[in-house]
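Coordinates as given in target.cif (mmCIF, C-alpha atoms):
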```
data_entry
loop_
_atom_site.label_atom_id
_atom_site.label_comp_id
_atom_site.auth_asym_id
_atom_site.auth_seq_id
_atom_site.Cartn_x
_atom_site.Cartn_y
_atom_site.Cartn_z
CA MET T 1 -54.15 -41.79 44.84
CA ALA T 2 -52.73 -38.66 43.17
CA THR T 3 -54.93 -39.33 40.11
CA LEU T 4 -58.05 -39.66 42.24
CA LEU T 5 -57.25 -36.44 44.09
CA ARG T 6 -56.89 -34.66 40.75
CA PHE T 7 -60.47 -35.56 39.83
CA TYR T 8 -62.11 -35.37 43.27
CA LYS T 9 -60.14 -32.63 45.04
CA PHE T 10 -62.71 -29.91 44.35
CA SER T 11 -65.59 -32.18 45.44
CA PHE T 12 -63.87 -32.91 48.75
CA LEU T 13 -63.25 -29.20 49.32
CA PHE T 14 -66.86 -28.43 48.42
CA THR T 15 -67.97 -31.15 50.85
CA LEU T 16 -65.94 -29.61 53.68
CA PHE T 17 -67.44 -26.21 52.87
CA CYS T 18 -71.01 -27.61 52.94
CA LEU T 19 -70.38 -29.53 56.15
CA GLY T 20 -69.01 -26.35 57.69
CA LEU T 21 -72.20 -24.53 56.67
CA ALA T 22 -74.23 -27.39 58.13
CA VAL T 23 -72.42 -27.08 61.48
CA TRP T 24 -72.95 -23.31 61.52
CA TYR T 25 -76.62 -23.62 60.55
CA GLY T 26 -77.20 -26.46 63.02
CA TRP T 27 -75.74 -24.49 65.91
CA ALA T 28 -77.60 -21.31 64.92
CA SER T 29 -80.95 -23.10 64.60
CA THR T 30 -80.74 -25.59 67.49
CA GLY T 31 -78.21 -24.07 69.89
CA SER T 32 -77.07 -27.52 71.02
CA VAL T 33 -74.29 -29.94 70.17
CA GLY T 34 -76.73 -32.83 69.88
CA GLY T 35 -78.99 -30.94 67.48
CA THR T 36 -76.04 -29.83 65.38
CA LEU T 37 -74.65 -33.38 65.13
CA SER T 38 -78.07 -34.73 64.21
CA LEU T 39 -78.44 -32.17 61.42
CA LEU T 40 -74.88 -32.86 60.22
CA TRP T 41 -75.60 -36.60 60.09
CA ILE T 42 -78.68 -36.04 57.92
CA VAL T 43 -76.61 -33.95 55.48
CA VAL T 44 -74.04 -36.76 55.21
CA VAL T 45 -76.72 -39.43 54.66
CA LEU T 46 -78.42 -37.31 51.98
CA ALA T 47 -75.09 -36.85 50.20
CA VAL T 48 -74.40 -40.60 50.21
CA LEU T 49 -77.94 -41.33 49.04
CA GLU T 50 -77.62 -38.85 46.15
CA ILE T 51 -74.30 -40.35 45.05
CA SER T 52 -75.67 -43.91 45.14
CA LEU T 53 -78.74 -42.89 43.13
CA SER T 54 -76.75 -40.90 40.58
CA PHE T 55 -73.77 -43.08 39.64
CA ASP T 56 -75.64 -44.29 36.57
CA ASN T 57 -76.23 -40.62 35.77
CA ALA T 58 -72.47 -40.05 35.75
CA VAL T 59 -71.92 -43.00 33.39
CA VAL T 60 -74.56 -41.76 30.95
CA ASN T 61 -73.21 -38.20 31.16
CA ALA T 62 -69.77 -39.55 30.30
CA SER T 63 -71.14 -41.52 27.33
CA VAL T 64 -72.47 -38.26 25.85
CA LEU T 65 -69.61 -35.98 26.91
CA LYS T 66 -66.92 -38.17 25.32
CA ASP T 67 -68.25 -37.15 21.87
CA MET T 68 -68.45 -33.42 22.70
CA ASP T 69 -65.63 -31.00 22.07
CA ASP T 70 -63.64 -29.53 24.96
CA VAL T 71 -65.50 -26.21 24.89
CA TRP T 72 -68.94 -27.77 25.39
CA GLN T 73 -67.57 -30.27 27.90
CA ARG T 74 -66.36 -27.36 30.03
CA ARG T 75 -69.64 -25.52 29.61
CA PHE T 76 -71.63 -28.48 30.81
CA LEU T 77 -69.29 -29.16 33.73
CA THR T 78 -69.54 -25.50 34.85
CA TRP T 79 -72.92 -24.14 33.81
CA GLY T 80 -74.53 -27.55 33.96
CA ILE T 81 -73.39 -28.27 37.50
CA ALA T 82 -74.59 -24.80 38.58
CA PHE T 83 -78.00 -25.68 37.16
CA ALA T 84 -77.93 -29.11 38.82
CA VAL T 85 -76.88 -27.82 42.26
CA PHE T 86 -78.67 -24.48 42.45
CA GLY T 87 -81.54 -24.99 40.02
CA MET T 88 -82.72 -28.52 40.75
CA ARG T 89 -81.75 -28.86 44.42
CA ILE T 90 -82.89 -25.40 45.59
CA VAL T 91 -85.02 -23.54 43.02
CA PHE T 92 -86.99 -26.57 41.78
CA PRO T 93 -88.64 -27.48 45.14
CA LEU T 94 -89.35 -23.78 45.78
CA ALA T 95 -90.94 -23.44 42.33
CA ILE T 96 -93.21 -26.45 43.00
CA VAL T 97 -94.47 -24.90 46.24
CA ALA T 98 -94.87 -21.45 44.66
CA ILE T 99 -97.01 -22.87 41.84
CA ALA T 100 -99.01 -25.23 44.06
CA ALA T 101 -99.76 -22.63 46.73
CA GLY T 102 -99.89 -19.57 44.49
CA LEU T 103 -97.15 -17.84 46.48
CA GLY T 104 -94.42 -15.43 45.47
CA PRO T 105 -90.70 -16.28 45.68
CA ILE T 106 -90.11 -14.50 49.00
CA GLU T 107 -93.24 -16.01 50.59
CA THR T 108 -92.17 -19.47 49.42
CA ILE T 109 -88.71 -19.10 50.96
CA ASN T 110 -90.27 -17.91 54.23
CA LEU T 111 -92.59 -20.92 54.19
CA SER T 112 -89.69 -23.33 53.66
CA LEU T 113 -87.74 -21.83 56.56
CA ASN T 114 -90.57 -21.15 59.02
CA ASP T 115 -93.12 -23.89 58.25
CA PRO T 116 -91.14 -26.87 56.88
CA ALA T 117 -94.00 -29.32 57.48
CA GLU T 118 -96.34 -27.41 55.16
CA TYR T 119 -93.49 -26.93 52.68
CA GLU T 120 -92.92 -30.71 52.64
CA ARG T 121 -96.63 -31.36 52.15
CA LEU T 122 -96.82 -29.05 49.14
CA VAL T 123 -93.74 -30.55 47.50
CA SER T 124 -94.97 -34.10 48.12
CA SER T 125 -98.38 -33.22 46.67
CA ALA T 126 -96.69 -32.74 43.28
CA HIS T 127 -95.16 -36.23 43.38
CA VAL T 128 -97.58 -37.81 40.87
CA GLY T 129 -96.77 -35.24 38.19
CA ILE T 130 -93.04 -35.43 38.88
CA ALA T 131 -93.14 -39.23 38.73
CA GLY T 132 -94.92 -39.13 35.37
CA PHE T 133 -92.58 -36.59 33.76
CA GLY T 134 -89.27 -37.86 35.14
CA GLY T 135 -90.16 -41.54 34.76
CA ALA T 136 -91.27 -41.09 31.14
CA PHE T 137 -88.13 -39.17 30.18
CA LEU T 138 -85.77 -41.65 31.84
CA ALA T 139 -87.63 -44.63 30.38
CA MET T 140 -87.25 -43.16 26.90
CA VAL T 141 -83.52 -42.58 27.44
CA GLY T 142 -83.04 -46.22 28.39
CA LEU T 143 -85.32 -47.71 25.72
CA LYS T 144 -83.74 -45.58 22.98
CA PHE T 145 -80.33 -47.02 23.87
CA PHE T 146 -81.47 -50.65 23.52
CA PHE T 147 -83.90 -50.17 20.61
CA ASP T 148 -80.93 -49.59 18.31
CA ALA T 149 -80.08 -51.90 15.42
CA ASP T 150 -76.57 -50.42 15.18
CA LYS T 151 -75.64 -51.19 18.80
CA GLU T 152 -72.67 -53.56 18.67
CA VAL T 153 -71.91 -54.28 22.34
CA HIS T 154 -74.46 -56.51 24.06
CA TRP T 155 -74.11 -57.35 27.74
CA ILE T 156 -77.25 -59.42 28.41
CA ARG T 157 -77.05 -60.75 24.88
CA LYS T 158 -80.35 -62.53 24.30
CA VAL T 159 -82.43 -59.72 25.80
CA GLU T 160 -80.51 -56.88 24.18
CA GLU T 161 -80.41 -58.52 20.74
CA PHE T 162 -84.16 -59.10 21.00
CA LEU T 163 -84.77 -55.43 21.87
CA ALA T 164 -82.49 -54.28 19.04
CA LYS T 165 -84.75 -56.06 16.54
CA PHE T 166 -87.56 -53.63 17.43
CA ALA T 167 -85.48 -50.80 15.96
CA ALA T 168 -86.96 -51.81 12.60
CA LEU T 169 -90.40 -50.89 13.97
CA PRO T 170 -90.64 -47.07 14.05
CA ALA T 171 -91.57 -45.56 17.43
CA ALA T 172 -91.84 -48.96 19.14
CA GLU T 173 -90.36 -47.54 22.35
CA ILE T 174 -92.90 -44.68 22.31
CA ALA T 175 -95.78 -47.16 21.98
CA LEU T 176 -94.38 -49.23 24.86
CA LEU T 177 -94.08 -46.17 27.10
CA LEU T 178 -97.60 -44.94 26.28
CA LEU T 179 -99.01 -48.36 27.15
CA ALA T 180 -97.12 -48.26 30.47
CA LEU T 181 -98.44 -44.76 31.23
CA TRP T 182 -101.99 -45.84 30.44
CA GLY T 183 -101.68 -49.02 32.54
CA ILE T 184 -100.38 -47.18 35.61
CA SER T 185 -102.96 -44.40 35.21
CA THR T 186 -105.78 -46.96 35.51
CA LEU T 187 -104.57 -47.68 39.06
CA LEU T 188 -104.88 -44.03 40.13
CA PRO T 189 -107.86 -41.88 41.11
CA ASP T 190 -109.29 -39.94 38.16
CA GLU T 191 -107.74 -36.58 39.05
CA GLU T 192 -104.29 -38.07 39.72
CA ALA T 193 -104.57 -40.25 36.60
CA LEU T 194 -105.06 -37.17 34.42
CA THR T 195 -102.12 -35.39 36.06
CA PHE T 196 -99.94 -38.48 35.63
CA LEU T 197 -100.84 -38.91 31.95
CA ILE T 198 -100.30 -35.24 31.10
CA ALA T 199 -96.95 -35.18 32.91
CA GLY T 200 -95.87 -38.44 31.27
CA ILE T 201 -96.78 -37.16 27.81
CA LEU T 202 -94.89 -33.93 28.51
CA GLY T 203 -91.86 -36.00 29.53
CA LEU T 204 -92.14 -37.93 26.25
CA VAL T 205 -92.53 -34.71 24.24
CA THR T 206 -89.49 -33.21 25.99
CA PHE T 207 -87.40 -36.23 25.05
CA ILE T 208 -88.57 -36.05 21.42
CA ALA T 209 -87.87 -32.29 21.33
CA VAL T 210 -84.32 -32.73 22.64
CA GLU T 211 -83.69 -35.57 20.18
CA GLY T 212 -85.12 -33.37 17.44
CA ILE T 213 -82.66 -30.59 18.26
CA ASN T 214 -79.84 -33.12 18.03
CA ALA T 215 -81.11 -34.31 14.64
CA LEU T 216 -81.27 -30.74 13.32
CA LEU T 217 -77.74 -30.06 14.55
CA GLU T 218 -76.54 -33.26 12.92
CA LEU T 219 -78.10 -32.22 9.61
CA HIS T 220 -76.46 -28.81 9.92
CA GLU T 221 -73.08 -30.37 10.66
CA GLU T 222 -73.41 -32.67 7.66
CA LYS T 223 -74.21 -29.73 5.42
CA GLN T 224 -71.12 -28.01 6.74
CA LYS T 225 -69.15 -31.22 6.04
CA LEU T 226 -68.07 -31.56 9.63
CA ALA T 227 -67.34 -34.83 11.40
CA GLY T 228 -70.28 -36.98 12.45
CA ALA T 229 -68.82 -37.15 16.00
CA ALA T 230 -69.88 -33.55 16.46
CA VAL T 231 -73.55 -34.49 16.64
CA ARG T 232 -73.68 -33.87 20.38
CA SER T 233 -70.81 -31.40 20.50
CA GLY T 234 -72.94 -28.30 20.98
CA LEU T 235 -76.27 -27.00 22.14
CA GLY T 236 -78.18 -30.25 21.54
CA GLY T 237 -75.91 -32.30 23.79
CA PHE T 238 -75.88 -29.57 26.41
CA LEU T 239 -79.69 -29.46 26.54
CA TYR T 240 -79.93 -33.26 26.55
CA LEU T 241 -77.57 -33.61 29.51
CA ASN T 242 -79.27 -30.90 31.54
CA VAL T 243 -82.73 -32.38 31.05
CA LEU T 244 -81.30 -35.80 31.89
CA ASP T 245 -79.71 -34.43 35.07
CA ALA T 246 -82.98 -32.81 36.02
CA SER T 247 -84.87 -36.08 35.56
CA PHE T 248 -82.38 -37.93 37.74
CA SER T 249 -82.61 -35.31 40.46
CA PHE T 250 -86.42 -35.57 40.79
CA ASP T 251 -86.16 -38.83 42.69
CA GLY T 252 -83.48 -37.56 45.04
CA VAL T 253 -85.28 -34.29 45.81
CA ILE T 254 -88.58 -35.99 46.64
CA GLY T 255 -86.89 -38.84 48.52
CA ALA T 256 -84.89 -36.40 50.63
CA PHE T 257 -88.06 -35.40 52.47
CA ALA T 258 -88.11 -38.88 54.02
CA LEU T 259 -85.11 -37.74 56.06
CA SER T 260 -85.72 -34.02 56.53
CA ASN T 261 -88.19 -31.31 55.58
CA ASN T 262 -85.63 -28.54 56.11
CA MET T 263 -84.78 -26.84 52.80
CA VAL T 264 -81.27 -25.86 53.90
CA VAL T 265 -80.38 -29.37 55.06
CA ILE T 266 -81.72 -30.96 51.86
CA ALA T 267 -79.91 -28.44 49.63
CA LEU T 268 -76.57 -29.01 51.40
CA GLY T 269 -76.77 -32.81 51.30
CA LEU T 270 -77.95 -33.11 47.69
CA SER T 271 -75.47 -30.49 46.48
CA ILE T 272 -72.57 -32.53 47.88
CA GLY T 273 -73.86 -35.56 46.01
CA ALA T 274 -74.32 -33.57 42.78
CA MET T 275 -70.74 -32.30 42.96
CA PHE T 276 -69.37 -35.84 43.31
CA VAL T 277 -71.44 -36.90 40.28
CA ARG T 278 -69.67 -34.14 38.35
CA SER T 279 -66.28 -35.45 39.49
CA MET T 280 -67.21 -39.01 38.57
CA THR T 281 -68.30 -37.83 35.13
CA ILE T 282 -64.96 -36.07 34.54
CA HIS T 283 -63.10 -39.13 35.79
CA LEU T 284 -64.96 -41.47 33.43
CA VAL T 285 -64.40 -39.18 30.43
CA LYS T 286 -60.73 -38.34 30.99
CA LYS T 287 -59.67 -41.89 31.88
CA GLY T 288 -61.63 -43.49 29.03
CA THR T 289 -63.32 -45.82 31.50
CA LEU T 290 -66.28 -46.55 29.21
CA ALA T 291 -63.94 -47.85 26.52
CA GLN T 292 -61.94 -49.85 29.04
CA TYR T 293 -65.00 -51.44 30.69
CA GLN T 294 -67.22 -51.98 27.69
CA PHE T 295 -70.31 -53.33 29.45
CA LEU T 296 -70.42 -50.49 32.00
CA GLU T 297 -72.51 -48.28 29.72
CA ASN T 298 -75.03 -51.10 29.18
CA GLY T 299 -75.34 -51.58 32.93
CA ALA T 300 -75.95 -47.87 33.44
CA PHE T 301 -78.74 -47.79 30.86
CA TRP T 302 -80.38 -50.86 32.43
CA ALA T 303 -80.24 -48.97 35.73
CA ILE T 304 -81.89 -45.98 34.02
CA ILE T 305 -84.73 -48.16 32.73
CA VAL T 306 -85.23 -49.57 36.23
CA LEU T 307 -85.15 -46.07 37.75
CA GLY T 308 -87.64 -44.83 35.15
CA ALA T 309 -89.97 -47.77 35.87
CA ILE T 310 -89.69 -47.21 39.63
CA MET T 311 -90.48 -43.51 39.22
CA LEU T 312 -93.56 -44.32 37.13
CA LEU T 313 -94.75 -46.95 39.62
CA SER T 314 -94.08 -44.60 42.55
CA ALA T 315 -97.19 -42.67 41.50
CA LYS T 316 -99.10 -45.59 43.03
CA ILE T 317 -96.61 -47.53 45.17
CA HIS T 318 -94.00 -46.06 47.48
CA ILE T 319 -90.63 -47.69 46.86
CA PRO T 320 -87.86 -46.70 49.33
CA GLU T 321 -85.00 -44.75 47.75
CA THR T 322 -82.49 -47.16 49.30
CA ILE T 323 -83.94 -49.98 47.19
CA THR T 324 -83.76 -47.82 44.07
CA GLY T 325 -80.12 -46.99 44.75
CA LEU T 326 -79.30 -50.60 45.60
CA ILE T 327 -80.78 -51.96 42.36
CA GLY T 328 -78.87 -49.40 40.30
CA ALA T 329 -75.63 -50.15 42.16
CA ILE T 330 -76.07 -53.90 41.63
CA LEU T 331 -76.66 -53.53 37.88
CA ILE T 332 -73.67 -51.23 37.43
CA GLY T 333 -71.53 -53.42 39.70
CA LEU T 334 -72.41 -56.54 37.70
CA SER T 335 -71.68 -54.84 34.38
CA LEU T 336 -68.35 -53.60 35.74
CA TRP T 337 -67.43 -57.06 37.05
CA TRP T 338 -68.40 -58.64 33.72
CA SER T 339 -66.21 -56.10 31.91
CA VAL T 340 -63.26 -56.85 34.20
CA ARG T 341 -63.75 -60.57 33.58
CA HIS T 342 -63.79 -59.96 29.85
CA ASN T 343 -60.60 -57.86 30.05
CA ARG T 344 -58.79 -60.55 32.02
CA ARG T 345 -59.76 -63.22 29.51
CA HIS T 346 -59.16 -61.27 26.32
CA GLY T 347 -57.28 -58.09 27.16
CA VAL T 348 -58.49 -54.50 27.25
CA SER T 349 -57.94 -53.88 23.52
CA SER T 350 -60.60 -54.42 20.86
CA SER T 351 -61.35 -58.02 21.71
CA PRO T 352 -64.81 -59.35 20.98
CA ALA T 353 -67.24 -58.97 23.85
CA VAL T 354 -68.34 -61.91 25.94
CA PRO T 355 -71.93 -61.05 26.86
CA ILE T 356 -74.22 -62.69 29.36
CA GLU T 357 -75.99 -65.62 27.79
#
```
As structure tokens:
Amino acid sequence: MATLLRFYKFSFLFTLFCLGLAVWYGWASTGSVGGTLSLLWIVVVLAVLEISLSFDNAVVNASVLKDMDDVWQRRFLTWGIAFAVFGMRIVFPLAIVAIAAGLGPIETINLSLNDPAEYERLVSSAHVGIAGFGGAFLAMVGLKFFFDADKEVHWIRKVEEFLAKFAALPAAEIALLLLALWGISTLLPDEEALTFLIAGILGLVTFIAVEGINALLELHEEKQKLAGAAVRSGLGGFLYLNVLDASFSFDGVIGAFALSNNMVVIALGLSIGAMFVRSMTIHLVKKGTLAQYQFLENGAFWAIIVLGAIMLLSAKIHIPETITGLIGAILIGLSLWWSVRHNRRHGVSSSPAVPIE
């Protein structure tokens, strides 16, 4: 219990602070106990939804952070969380509305506070582009992990070994994603199809650009005769994690409007969830959980592929966020259970993995 409090103490304090703000805002805006409790309940549900959707995000963050030095770990966990909470949960929806409606920052904030229905409509109108960009980026993150000939740990062995063989075919994952983007675009009206394709290609280009920065940093480190583990120890890893966090948050921000169109309520609920994701990331890194439960990382990347596919398909088909979160939780839960089973049979040390046949 003391260990858990060490990792999650700040998140619990932040939660109490946000809930206190929710009570104050609810009373100020509704003037009734019932209205305040209703608003408070929505904040709690949004926080739980964000945590359930983002656990795989924490696992992937931890898989990158474990190879970064302490300085860049701290920078991501401070600057990065500020970007995730303030930038993606508050500024991002406002920026969408400002661009879509051609409004200034102050006008956009006034619209969000005084005409939440119109604010929701404008944010939702950008869903096709968001689905294309975020889905493409997340799909590439997941495919890159499995299209790797050097990957040694296989959870779903036959499938993952089959995918690893495609690593010998350059850019196979890019071709697969482009085919998926084209296939989904054929189901959309012409104007939406163009928006979806452009956004998807931009998501792909963003992924390639971030990977390119990492490659340049790796080359620089090699020239300086530094350790290969420092590949993601600086700016490249920091950028990668922030773009990844942003992609994960797209789904939560858009899905939040199913529960409320109030900007303040959405920001409070999603910020609580984002802070717990930070705590989970620290917990996974400091306790070495990925090394202890060796299939957990595989399960998280399968969840990312599923989330990316759902985001892409959501341009045409609405899929409830609860289903998205449930699928991710099931995949991560199964990978965790399989890891525990392996540890019980063979011990936690470097025993050979026992993948799913």
**Item:** Shortest interatomic distance to Asn298 of chain T - which of T:Ile317, T:Ile156, T:Ala175, T:Ala58, counting only C-alpha atoms
**Value:**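 Answer, going by the shortest atom-to-atom distance: T:Ile156.
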**Message:** Applying 12 Å and all atoms listed in the file, which residues near Leu244 of chain T remain after dropping the ones on its own chain fewer than 2 positions away? List them as a VMD selection string.
**Reply:** chain T and resid 54 56 to 61 64 80 83 to 84 88 133 to 142 203 206 to 207 210 to 211 237 to 242 246 to 250 304 308
Take the residues just selected and output them with C-alpha atoms as a PDB file, in the frame of the given file.
```
ATOM      1  CA  SER T  54     -76.750 -40.900  40.580  1.00  0.00           C
ATOM      2  CA  ASP T  56     -75.640 -44.290  36.570  1.00  0.00           C
ATOM      3  CA  ASN T  57     -76.230 -40.620  35.770  1.00  0.00           C
ATOM      4  CA  ALA T  58     -72.470 -40.050  35.750  1.00  0.00           C
ATOM      5  CA  VAL T  59     -71.920 -43.000  33.390  1.00  0.00           C
ATOM      6  CA  VAL T  60     -74.560 -41.760  30.950  1.00  0.00           C
ATOM      7  CA  ASN T  61     -73.210 -38.200  31.160  1.00  0.00           C
ATOM      8  CA  VAL T  64     -72.470 -38.260  25.850  1.00  0.00           C
ATOM      9  CA  GLY T  80     -74.530 -27.550  33.960  1.00  0.00           C
ATOM     10  CA  PHE T  83     -78.000 -25.680  37.160  1.00  0.00           C
ATOM     11  CA  ALA T  84     -77.930 -29.110  38.820  1.00  0.00           C
ATOM     12  CA  MET T  88     -82.720 -28.520  40.750  1.00  0.00           C
ATOM     13  CA  PHE T 133     -92.580 -36.590  33.760  1.00  0.00           C
ATOM     14  CA  GLY T 134     -89.270 -37.860  35.140  1.00  0.00           C
ATOM     15  CA  GLY T 135     -90.160 -41.540  34.760  1.00  0.00           C
ATOM     16  CA  ALA T 136     -91.270 -41.090  31.140  1.00  0.00           C
ATOM     17  CA  PHE T 137     -88.130 -39.170  30.180  1.00  0.00           C
ATOM     18  CA  LEU T 138     -85.770 -41.650  31.840  1.00  0.00           C
ATOM     19  CA  ALA T 139     -87.630 -44.630  30.380  1.00  0.00           C
ATOM     20  CA  MET T 140     -87.250 -43.160  26.900  1.00  0.00           C
ATOM     21  CA  VAL T 141     -83.520 -42.580  27.440  1.00  0.00           C
ATOM     22  CA  GLY T 142     -83.040 -46.220  28.390  1.00  0.00           C
ATOM     23  CA  GLY T 203     -91.860 -36.000  29.530  1.00  0.00           C
ATOM     24  CA  THR T 206     -89.490 -33.210  25.990  1.00  0.00           C
ATOM     25  CA  PHE T 207     -87.400 -36.230  25.050  1.00  0.00           C
ATOM     26  CA  VAL T 210     -84.320 -32.730  22.640  1.00  0.00           C
ATOM     27  CA  GLU T 211     -83.690 -35.570  20.180  1.00  0.00           C
ATOM     28  CA  GLY T 237     -75.910 -32.300  23.790  1.00  0.00           C
ATOM     29  CA  PHE T 238     -75.880 -29.570  26.410  1.00  0.00           C
ATOM     30  CA  LEU T 239     -79.690 -29.460  26.540  1.00  0.00           C
ATOM     31  CA  TYR T 240     -79.930 -33.260  26.550  1.00  0.00           C
ATOM     32  CA  LEU T 241     -77.570 -33.610  29.510  1.00  0.00           C
ATOM     33  CA  ASN T 242     -79.270 -30.900  31.540  1.00  0.00           C
ATOM     34  CA  ALA T 246     -82.980 -32.810  36.020  1.00  0.00           C
ATOM     35  CA  SER T 247     -84.870 -36.080  35.560  1.00  0.00           C
ATOM     36  CA  PHE T 248     -82.380 -37.930  37.740  1.00  0.00           C
ATOM     37  CA  SER T 249     -82.610 -35.310  40.460  1.00  0.00           C
ATOM     38  CA  PHE T 250     -86.420 -35.570  40.790  1.00  0.00           C
ATOM     39  CA  ILE T 304     -81.890 -45.980  34.020  1.00  0.00           C
ATOM     40  CA  GLY T 308     -87.640 -44.830  35.150  1.00  0.00           C
TER      41      GLY T 308
END
```
Selection result for the PyMOL selection byres ((chain T and resi 72) around 9) on this file, as a PDB file with C-alpha atoms, keeping the file's coordinate frame:
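result.pdb, freshly written:
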```
ATOM      1  CA  LEU T  65     -69.610 -35.980  26.910  1.00  0.00           C
ATOM      2  CA  MET T  68     -68.450 -33.420  22.700  1.00  0.00           C
ATOM      3  CA  ASP T  69     -65.630 -31.000  22.070  1.00  0.00           C
ATOM      4  CA  ASP T  70     -63.640 -29.530  24.960  1.00  0.00           C
ATOM      5  CA  VAL T  71     -65.500 -26.210  24.890  1.00  0.00           C
ATOM      6  CA  GLN T  73     -67.570 -30.270  27.900  1.00  0.00           C
ATOM      7  CA  ARG T  74     -66.360 -27.360  30.030  1.00  0.00           C
ATOM      8  CA  ARG T  75     -69.640 -25.520  29.610  1.00  0.00           C
ATOM      9  CA  PHE T  76     -71.630 -28.480  30.810  1.00  0.00           C
ATOM     10  CA  LEU T  77     -69.290 -29.160  33.730  1.00  0.00           C
ATOM     11  CA  SER T 233     -70.810 -31.400  20.500  1.00  0.00           C
ATOM     12  CA  GLY T 234     -72.940 -28.300  20.980  1.00  0.00           C
ATOM     13  CA  LEU T 235     -76.270 -27.000  22.140  1.00  0.00           C
ATOM     14  CA  GLY T 237     -75.910 -32.300  23.790  1.00  0.00           C
ATOM     15  CA  PHE T 238     -75.880 -29.570  26.410  1.00  0.00           C
TER      16      PHE T 238
END
```
**Message:** Tell me which residues come within 12 Å of (-74.0, -34.6, 63.7), as a PyMOL selection string, counting all atoms listed in the file in the file's coordinates.
**Reply:** chain T and resi 19-20+22-27+30+32-45+265
Evaluating the PyMOL selection byres ((chain T and resi 122) around 10) on the displayed file yields which residues, as a PDB file with C-alpha atoms, in the frame of the given file?
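Dumped to expr-v4.pdb:
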```
ATOM      1  CA  PRO T  93     -88.640 -27.480  45.140  1.00  0.00           C
ATOM      2  CA  LEU T  94     -89.350 -23.780  45.780  1.00  0.00           C
ATOM      3  CA  ILE T  96     -93.210 -26.450  43.000  1.00  0.00           C
ATOM      4  CA  VAL T  97     -94.470 -24.900  46.240  1.00  0.00           C
ATOM      5  CA  ALA T  98     -94.870 -21.450  44.660  1.00  0.00           C
ATOM      6  CA  ILE T  99     -97.010 -22.870  41.840  1.00  0.00           C
ATOM      7  CA  ALA T 100     -99.010 -25.230  44.060  1.00  0.00           C
ATOM      8  CA  ALA T 101     -99.760 -22.630  46.730  1.00  0.00           C
ATOM      9  CA  PRO T 116     -91.140 -26.870  56.880  1.00  0.00           C
ATOM     10  CA  ALA T 117     -94.000 -29.320  57.480  1.00  0.00           C
ATOM     11  CA  GLU T 118     -96.340 -27.410  55.160  1.00  0.00           C
ATOM     12  CA  TYR T 119     -93.490 -26.930  52.680  1.00  0.00           C
ATOM     13  CA  GLU T 120     -92.920 -30.710  52.640  1.00  0.00           C
ATOM     14  CA  ARG T 121     -96.630 -31.360  52.150  1.00  0.00           C
ATOM     15  CA  VAL T 123     -93.740 -30.550  47.500  1.00  0.00           C
ATOM     16  CA  SER T 124     -94.970 -34.100  48.120  1.00  0.00           C
ATOM     17  CA  SER T 125     -98.380 -33.220  46.670  1.00  0.00           C
ATOM     18  CA  ALA T 126     -96.690 -32.740  43.280  1.00  0.00           C
ATOM     19  CA  HIS T 127     -95.160 -36.230  43.380  1.00  0.00           C
TER      20      HIS T 127
END
```
**Spatial neighbours of segment 279-290 of chain T, max dist 6 Å, all atoms listed in the file, sep filter under 2 positions, as a PyMOL selection string** = chain T and resi 7-8+58+62+66+276-277+292-294
**Message:** I want to know what sits within 8 Å of Leu197 of chain T, based on all atoms listed in the file, with residues of the same chain fewer than 6 positions away left out; could you give that as a PyMOL selection string?
**Reply:** chain T and resi 132+181-182+185
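Residues matching the PyMOL selection byres ((chain T and resi 338) around 9) in this structure come to Trp155, Tyr293, Phe295, Leu296, Gly333, Leu334, Ser335, Leu336, Trp337, Ser339, Val340, Arg341, His342, Asn343, Val354, Pro355 and Ile356 of chain T.
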**Request:** Could you please determine the separation between atom CA of Ile130 of chain T and atom CA of Leu331 of chain T in Å, to one decimal place?
**Result:**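 Between atom CA of Ile130 of chain T and atom CA of Leu331 of chain T the gap is 24.4 Å.
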